[in-house]
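Colleague: Hey, dropping work22.csv in here, CSV, C-alpha atoms:
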```
chain,number,residue,atom,x,y,z
A,138,MET,CA,-127.6,40.4,-27.5
A,139,ARG,CA,-126.5,38.0,-30.2
A,140,HIS,CA,-123.3,40.2,-30.6
A,141,LEU,CA,-122.6,40.0,-26.9
A,142,THR,CA,-123.1,36.2,-26.9
A,143,GLY,CA,-120.7,35.9,-29.8
A,144,ILE,CA,-118.0,37.8,-27.9
A,145,LEU,CA,-118.5,35.7,-24.8
A,146,GLY,CA,-118.2,32.6,-26.9
A,147,LEU,CA,-114.9,33.8,-28.4
A,148,LEU,CA,-113.5,34.6,-25.0
A,149,MET,CA,-114.4,31.2,-23.7
A,150,PHE,CA,-112.8,29.6,-26.8
A,151,LEU,CA,-109.6,31.6,-26.2
A,152,ALA,CA,-109.5,30.7,-22.6
A,153,CYS,CA,-109.8,27.0,-23.4
A,154,GLU,CA,-107.0,27.4,-25.9
A,155,ARG,CA,-104.8,28.9,-23.2
A,156,GLU,CA,-105.6,26.1,-20.8
A,157,THR,CA,-104.9,23.3,-23.3
A,158,ALA,CA,-101.7,24.8,-24.9
A,159,THR,CA,-98.7,22.5,-24.5
A,160,PRO,CA,-96.1,24.1,-22.2
A,161,ILE,CA,-92.7,24.7,-23.8
A,162,ALA,CA,-90.1,22.3,-22.4
A,163,ILE,CA,-86.9,23.9,-21.2
A,164,THR,CA,-83.8,21.9,-22.0
A,165,GLY,CA,-80.1,22.0,-21.3
A,166,TYR,CA,-79.9,21.3,-17.6
A,167,GLU,CA,-77.8,18.2,-18.3
A,168,TYR,CA,-74.9,20.5,-19.3
A,169,PHE,CA,-74.7,21.8,-15.7
A,170,PRO,CA,-75.2,18.8,-13.4
A,171,LEU,CA,-75.2,19.5,-9.7
A,172,SER,CA,-75.1,17.0,-6.8
A,173,ILE,CA,-73.1,16.7,-3.5
A,174,GLY,CA,-70.0,14.7,-4.1
A,175,ARG,CA,-69.7,15.4,-7.8
A,176,GLU,CA,-66.1,15.9,-8.8
A,177,TRP,CA,-64.1,17.2,-11.7
A,178,HIS,CA,-60.3,16.9,-12.4
A,179,TYR,CA,-58.6,19.2,-14.9
A,180,GLY,CA,-55.2,19.9,-16.4
A,181,LEU,CA,-54.3,23.6,-16.3
A,182,ASP,CA,-51.8,25.6,-18.3
A,183,SER,CA,-51.3,29.3,-17.6
A,184,ILE,CA,-49.0,32.1,-18.8
A,185,VAL,CA,-48.9,35.4,-17.0
A,186,LEU,CA,-47.2,38.5,-18.3
A,187,ARG,CA,-45.0,40.3,-15.8
A,188,PRO,CA,-43.1,43.6,-16.4
A,189,GLU,CA,-39.4,43.7,-15.6
A,190,ILE,CA,-36.5,45.8,-16.5
A,191,GLY,CA,-35.8,45.5,-20.2
A,192,GLY,CA,-39.2,44.1,-21.2
A,193,ILE,CA,-42.0,41.6,-20.4
A,194,ARG,CA,-41.5,38.2,-18.8
A,195,PHE,CA,-43.9,35.3,-19.7
A,196,ASP,CA,-44.3,33.1,-16.6
A,197,SER,CA,-45.7,29.7,-17.4
A,198,VAL,CA,-47.2,27.1,-15.0
A,199,ARG,CA,-48.8,23.7,-15.5
A,200,LEU,CA,-51.1,22.5,-12.7
A,201,GLN,CA,-53.6,19.8,-11.9
A,202,ALA,CA,-56.9,21.1,-10.5
A,203,ARG,CA,-59.7,19.4,-8.7
A,204,GLU,CA,-63.2,20.7,-8.0
A,205,ILE,CA,-65.7,19.0,-5.7
A,206,LEU,CA,-69.2,19.9,-4.5
A,207,VAL,CA,-69.2,19.4,-0.8
A,208,ASP,CA,-72.4,21.0,0.6
A,209,THR,CA,-75.5,23.1,-0.1
A,210,LEU,CA,-76.6,26.4,1.4
A,211,ARG,CA,-79.4,29.0,1.0
A,212,ASP,CA,-78.8,32.7,0.5
A,213,LEU,CA,-80.8,35.6,2.0
A,214,GLU,CA,-83.5,35.1,-0.7
A,215,ASP,CA,-83.8,31.4,0.2
A,216,GLN,CA,-82.2,30.3,-3.1
A,217,LEU,CA,-80.3,27.0,-3.1
A,218,TRP,CA,-76.6,27.0,-4.0
A,219,TYR,CA,-74.1,24.1,-4.2
A,220,ARG,CA,-70.9,25.0,-2.4
A,221,GLY,CA,-67.7,23.7,-4.0
A,222,GLU,CA,-64.0,23.6,-3.2
A,223,ARG,CA,-61.2,24.0,-5.6
A,224,TYR,CA,-57.7,22.4,-5.1
A,225,ASP,CA,-54.6,22.3,-7.2
A,226,ARG,CA,-51.1,20.8,-7.3
A,227,ARG,CA,-48.1,20.7,-9.6
A,228,SER,CA,-47.9,16.9,-10.0
A,229,ASP,CA,-49.8,13.8,-8.8
A,230,THR,CA,-47.0,13.0,-6.4
A,231,LEU,CA,-47.8,16.1,-4.3
A,232,PRO,CA,-50.7,16.7,-1.9
A,233,TRP,CA,-53.7,18.9,-3.0
A,234,ARG,CA,-53.6,22.5,-1.9
A,235,PHE,CA,-56.9,24.3,-1.1
A,236,ARG,CA,-57.4,27.3,-3.3
A,237,GLN,CA,-60.9,28.7,-3.1
A,238,THR,CA,-64.6,28.1,-2.4
A,239,PHE,CA,-67.1,28.6,-5.2
A,240,LEU,CA,-70.9,28.4,-5.5
A,241,LEU,CA,-73.0,26.9,-8.3
A,242,ARG,CA,-76.7,27.2,-9.0
A,243,THR,CA,-79.3,26.5,-11.7
A,244,GLU,CA,-82.5,28.5,-12.1
A,245,THR,CA,-85.3,27.9,-14.6
A,246,THR,CA,-83.5,29.7,-17.5
A,247,ARG,CA,-79.9,30.0,-16.4
A,248,ALA,CA,-76.9,28.5,-14.7
A,249,LEU,CA,-74.7,30.5,-12.3
A,250,ARG,CA,-71.2,30.3,-10.9
A,251,GLN,CA,-70.0,32.6,-8.1
A,252,ALA,CA,-66.3,32.9,-7.1
A,253,ASP,CA,-64.1,35.7,-5.8
A,254,ASN,CA,-67.2,37.8,-5.2
A,255,LEU,CA,-68.1,37.7,-8.9
A,256,THR,CA,-71.3,36.0,-10.2
A,257,PHE,CA,-71.3,34.7,-13.8
A,258,VAL,CA,-74.2,33.5,-15.9
A,259,LYS,CA,-72.4,30.5,-17.4
A,260,LEU,CA,-75.3,29.1,-19.5
A,261,ILE,CA,-78.9,30.0,-20.4
A,262,PHE,CA,-81.7,27.5,-21.0
A,263,SER,CA,-82.8,26.3,-23.5
A,264,PRO,CA,-79.5,26.6,-25.5
A,265,ARG,CA,-80.0,27.8,-29.0
A,266,GLU,CA,-77.1,28.3,-31.5
A,267,GLY,CA,-76.3,32.0,-32.0
A,268,GLU,CA,-78.1,33.2,-28.8
A,269,ARG,CA,-76.3,35.9,-26.9
A,270,TRP,CA,-76.4,37.1,-23.3
A,271,ASN,CA,-74.4,39.2,-20.8
A,272,ALA,CA,-72.7,36.7,-18.5
A,273,GLN,CA,-71.2,39.5,-16.4
A,274,ALA,CA,-74.5,41.4,-15.8
A,275,ALA,CA,-74.2,41.0,-12.0
A,276,PHE,CA,-71.0,43.2,-11.7
A,277,ASP,CA,-69.2,46.1,-13.4
A,278,GLU,CA,-67.5,44.6,-16.4
A,279,TYR,CA,-64.8,47.3,-16.1
A,280,ARG,CA,-63.9,46.1,-12.6
A,281,GLU,CA,-60.1,45.7,-12.4
A,282,ILE,CA,-58.5,42.5,-11.4
A,283,GLU,CA,-54.8,42.2,-10.6
A,284,ILE,CA,-52.9,40.1,-13.2
A,285,GLY,CA,-49.1,39.7,-12.8
A,286,GLY,CA,-49.1,42.6,-10.4
A,287,GLN,CA,-51.0,44.9,-12.8
A,288,PRO,CA,-54.7,46.0,-12.8
A,289,MET,CA,-56.7,44.9,-15.8
A,290,ALA,CA,-60.4,45.2,-16.8
A,291,VAL,CA,-60.3,41.5,-17.8
A,292,TYR,CA,-64.0,41.2,-18.6
A,293,ALA,CA,-64.6,44.4,-20.5
A,294,GLY,CA,-66.6,43.8,-23.6
A,295,TRP,CA,-67.3,40.1,-22.9
A,296,ARG,CA,-70.6,38.8,-24.3
A,297,SER,CA,-71.5,35.2,-24.3
A,298,ARG,CA,-72.9,33.4,-27.4
A,299,TYR,CA,-73.8,29.8,-28.1
A,300,ARG,CA,-71.5,28.8,-31.1
A,301,GLU,CA,-72.3,25.1,-31.2
A,302,VAL,CA,-75.2,23.3,-29.5
A,303,ASP,CA,-75.7,19.5,-29.0
A,304,GLY,CA,-72.9,18.5,-31.3
A,305,PRO,CA,-69.8,16.3,-30.9
A,306,VAL,CA,-66.8,17.8,-29.1
A,307,SER,CA,-63.3,16.7,-28.2
A,308,VAL,CA,-61.0,18.1,-25.5
A,309,GLY,CA,-57.4,17.6,-24.3
A,310,PRO,CA,-54.1,19.3,-23.6
A,311,PRO,CA,-52.6,21.4,-26.5
A,312,GLU,CA,-49.9,18.9,-27.4
A,313,ASP,CA,-52.1,15.7,-27.1
A,314,SER,CA,-53.4,14.3,-30.3
A,315,THR,CA,-55.5,11.7,-28.5
A,316,ALA,CA,-58.1,14.1,-27.1
A,317,GLN,CA,-61.3,12.8,-25.3
A,318,ALA,CA,-64.3,12.7,-27.7
A,319,PHE,CA,-67.9,13.3,-26.6
A,320,THR,CA,-71.1,13.0,-28.6
A,321,LYS,CA,-73.1,15.8,-27.1
A,322,GLY,CA,-71.6,19.2,-26.2
A,323,LEU,CA,-72.0,23.0,-26.1
A,324,ARG,CA,-69.4,25.6,-27.1
A,325,VAL,CA,-69.9,29.0,-25.6
A,326,ASP,CA,-67.9,31.9,-27.0
A,327,LEU,CA,-67.3,34.2,-24.1
A,328,ALA,CA,-65.3,37.0,-25.8
A,329,ASP,CA,-63.9,37.8,-29.2
A,330,GLU,CA,-62.8,41.5,-29.2
A,331,GLU,CA,-59.8,43.3,-30.4
A,332,SER,CA,-58.7,46.9,-30.7
A,333,ALA,CA,-55.4,48.7,-31.1
A,334,ILE,CA,-54.7,48.5,-27.4
A,335,ASP,CA,-56.5,45.4,-26.1
A,336,TYR,CA,-57.4,41.8,-27.1
A,337,ARG,CA,-60.0,39.5,-25.5
A,338,ARG,CA,-60.6,35.9,-26.7
A,339,ALA,CA,-62.3,33.2,-24.6
A,340,TRP,CA,-64.6,30.2,-24.9
A,341,GLU,CA,-65.8,27.2,-22.9
A,342,VAL,CA,-67.1,23.7,-23.8
A,343,TYR,CA,-69.7,21.8,-21.8
A,344,VAL,CA,-70.7,18.1,-22.1
A,345,ALA,CA,-74.0,16.6,-21.2
A,346,ASP,CA,-74.0,14.9,-17.8
A,347,ILE,CA,-70.4,16.1,-17.1
A,348,GLY,CA,-70.4,19.9,-17.2
A,349,LEU,CA,-67.3,22.0,-18.0
A,350,VAL,CA,-64.7,20.1,-20.0
A,351,TYR,CA,-62.6,22.9,-21.6
A,352,ARG,CA,-61.8,26.6,-21.0
A,353,TYR,CA,-59.6,28.9,-23.0
A,354,ILE,CA,-58.9,32.6,-22.1
A,355,GLU,CA,-56.4,34.9,-23.8
A,356,VAL,CA,-56.3,38.5,-22.6
A,357,TYR,CA,-53.8,41.3,-23.4
A,358,ASP,CA,-53.4,45.0,-23.0
A,359,THR,CA,-50.8,47.3,-24.5
A,360,GLN,CA,-49.8,50.9,-24.8
A,361,CYS,CA,-47.1,50.0,-27.3
A,362,ASN,CA,-44.4,51.3,-25.0
A,363,ALA,CA,-42.2,48.2,-24.2
A,364,CYS,CA,-42.1,47.0,-27.8
A,365,CYS,CA,-42.3,50.2,-29.9
A,366,ASN,CA,-41.6,53.3,-27.8
A,367,LEU,CA,-45.2,54.5,-28.3
A,368,ASP,CA,-45.0,54.1,-32.1
A,369,PHE,CA,-48.6,52.8,-32.7
A,370,ASP,CA,-48.1,52.3,-36.4
A,371,GLN,CA,-45.2,49.9,-35.8
A,372,CYS,CA,-47.1,48.3,-32.9
A,373,ALA,CA,-50.2,47.6,-35.1
A,374,ASP,CA,-48.3,45.2,-37.3
A,375,LEU,CA,-46.9,43.1,-34.4
A,376,PRO,CA,-48.5,39.9,-33.1
A,377,TRP,CA,-50.1,40.3,-29.7
A,378,ARG,CA,-47.5,38.1,-28.0
A,379,GLU,CA,-44.8,40.5,-29.0
A,380,LYS,CA,-46.5,43.8,-28.1
A,381,ALA,CA,-48.6,42.8,-25.1
A,382,GLU,CA,-47.6,44.5,-21.8
A,383,ARG,CA,-49.9,42.8,-19.5
A,384,GLY,CA,-52.3,39.9,-19.6
A,385,PHE,CA,-52.5,36.1,-19.5
A,386,ILE,CA,-53.4,32.9,-21.3
A,387,LEU,CA,-55.2,30.1,-19.6
A,388,ARG,CA,-56.1,26.6,-20.9
A,389,GLN,CA,-58.1,24.1,-18.8
A,390,TRP,CA,-59.2,20.7,-19.9
A,391,LEU,CA,-61.0,17.7,-18.3
A,392,THR,CA,-58.7,14.8,-17.4
A,393,GLN,CA,-61.1,12.5,-15.5
```
Please lay out the structure from this file as C-alpha cells.

Modeller:
Amino acid sequence: MRHLTGILGLLMFLACERETATPIAITGYEYFPLSIGREWHYGLDSIVLRPEIGGIRFDSVRLQAREILVDTLRDLEDQLWYRGERYDRRSDTLPWRFRQTFLLRTETTRALRQADNLTFVKLIFSPREGERWNAQAAFDEYREIEIGGQPMAVYAGWRSRYREVDGPVSVGPPEDSTAQAFTKGLRVDLADEESAIDYRRAWEVYVADIGLVYRYIEVYDTQCNACCNLDFDQCADLPWREKAERGFILRQWLTQ
C-alpha cells in the first residue's frame, strides 16, 4: 500500500509540474506583418535569357513594383488569408499596371505566400539561426515554369535556411551606395546549389514591422551546347553567365 501511495504521489507531482510549466513563447511574427491597407513599394531588376540564332540574348528590365493588401477571405478549411494585389510600371510618370493577385497568411509556426497556384512557406516561427525547412513542400519542386519561352524546374533543390536572425541589415539597388539600414532583420537563404548543368542561388531579407525588403534569385541551366558544342570539359571552366542557356536573374529591393 505504501508503494502504491508513493506512485500516486509521484504522478500528482508530475501533473502539477505540467500544469505550472511556463509555455514557450513563439516569436518572429513581426517579420511578416499583415493588415488591410498595408503597402510595399519595390525596385525590380530582371534579366531573362532568351535563345536566338547565334547564341543567347540577355533581356534586361527595370521596373517599379507595388503590393497592397486589399481584403481578407477564408478558404475551404475556414483559414484566414489576406488577399493582395501586385502592380508594376517602368517609371513613376506612368500609371500602375495590375499584374497578379496573391495571398498571405500566418499560422502558429509559419508564414505562407500563395501566388500563381504555388504556396511557399516563407518563414517559420520562432526563427533560429541555421534552422532549415522545405519552403516548397506544398508542390512538386520539379514542376516546370516557362522562363524566356523555355521550361525550367526553377525550384528544384531549394531548401530554406535562416542565415542571420535579429541582426542589422541594409538593402538598396545594386549601384546605390546609400542603402537603407535597419536594426533588426532576418536573412533567409532559399537556394545555394550548383552542378555541371544547373545553378540555383537565392535569398530574401525581412525586417521587423515591415516584411520583405530584399530578394535575389539567380537560376541557370545549360547543356553546354551554345557555348562549347557539348564539350563539358571546356564548359566546366566557364562562368555561368557565359555558358548558361536558359535562366534569369532577379533583384528586388524596398524603396518605401

Colleague: Which residue is closest to Tyr292 of chain A? Choose from A:Ala333, A:Leu323, A:Ala339, A:Leu210 and count all atoms listed in the file.

Modeller: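 Among the listed residues, A:Ala339 lies closest to Tyr292 of chain A.
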
Colleague: Select, from A:Glu244, A:Glu281, A:Glu222, A:Asp196, the residue with the minimum atom-to-atom distance to Glu176 of chain A, counting all atoms listed in the file.

Modeller: A:Glu222

Colleague: Show me as a list in words the residues that reach within 10 Å of (-77.3, 37.7, -21.7), counting all atoms listed in the file and using the file's own coordinates.

Modeller: Arg247, Val258, Lys259, Leu260, Ile261, Glu268, Arg269, Trp270, Asn271, Ala272, Gln273, Ala274, Arg296, Ser297 and Arg298 of chain A

Colleague: Grab the atom CA of Leu217 of chain A to atom CA of Thr243 of chain A distance for me, in Å with one decimal place.

Modeller: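 Straight-line distance from atom CA of Leu217 of chain A to atom CA of Thr243 of chain A works out to 8.7 Å.
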
Colleague: Counting all atoms listed in the file, which residues come within 12 Å of (-79.0, 17.0, -21.7), with the point read in the file's coordinates, and could you list them as a PyMOL selection string?

Modeller: chain A and resi 163-170+262-264+302-304+320-323+343-348

Colleague: Restricted to N, CA and C atoms, what does segment 345-362 of chain A look like when written out as a short mmCIF file (atom, residue, chain, number, x, y, z; two decimals), in the first residue's frame?

Modeller:
```
data_model
loop_
_atom_site.label_atom_id
_atom_site.label_comp_id
_atom_site.auth_asym_id
_atom_site.auth_seq_id
_atom_site.Cartn_x
_atom_site.Cartn_y
_atom_site.Cartn_z
N ALA A 345 11.76 43.64 -39.26
CA ALA A 345 10.68 43.68 -38.27
C ALA A 345 9.73 44.83 -38.56
N ASP A 346 8.44 44.55 -38.51
CA ASP A 346 7.35 45.51 -38.69
C ASP A 346 7.25 46.06 -40.11
N ILE A 347 8.04 45.51 -41.04
CA ILE A 347 7.95 45.90 -42.46
C ILE A 347 7.62 44.69 -43.32
N GLY A 348 8.39 43.63 -43.17
CA GLY A 348 8.24 42.45 -44.02
C GLY A 348 9.40 42.31 -44.98
N LEU A 349 9.12 41.82 -46.19
CA LEU A 349 10.17 41.60 -47.19
C LEU A 349 10.77 42.93 -47.64
N VAL A 350 12.12 43.02 -47.57
CA VAL A 350 12.79 44.23 -48.03
C VAL A 350 13.79 43.94 -49.15
N TYR A 351 14.15 42.68 -49.37
CA TYR A 351 15.11 42.37 -50.44
C TYR A 351 14.92 40.92 -50.89
N ARG A 352 15.06 40.71 -52.19
CA ARG A 352 15.02 39.37 -52.77
C ARG A 352 16.05 39.29 -53.89
N TYR A 353 16.79 38.18 -53.93
CA TYR A 353 17.74 37.93 -55.01
C TYR A 353 17.56 36.49 -55.48
N ILE A 354 17.42 36.31 -56.78
CA ILE A 354 17.31 34.97 -57.37
C ILE A 354 18.18 34.91 -58.62
N GLU A 355 19.01 33.88 -58.72
CA GLU A 355 19.83 33.65 -59.91
C GLU A 355 19.75 32.16 -60.26
N VAL A 356 19.19 31.86 -61.41
CA VAL A 356 18.90 30.48 -61.81
C VAL A 356 19.37 30.26 -63.24
N TYR A 357 20.18 29.22 -63.46
CA TYR A 357 20.66 28.90 -64.81
C TYR A 357 20.60 27.39 -65.05
N ASP A 358 20.38 27.02 -66.31
CA ASP A 358 20.58 25.65 -66.79
C ASP A 358 21.45 25.71 -68.04
N THR A 359 22.18 24.63 -68.30
CA THR A 359 22.95 24.54 -69.54
C THR A 359 23.12 23.08 -69.94
N GLN A 360 23.27 22.85 -71.23
CA GLN A 360 23.70 21.57 -71.76
C GLN A 360 25.03 21.74 -72.49
N CYS A 361 25.67 22.90 -72.30
CA CYS A 361 26.99 23.20 -72.87
C CYS A 361 26.99 23.09 -74.39
N ASN A 362 25.88 23.44 -75.00
CA ASN A 362 25.76 23.36 -76.45
C ASN A 362 26.08 24.69 -77.11
#
```
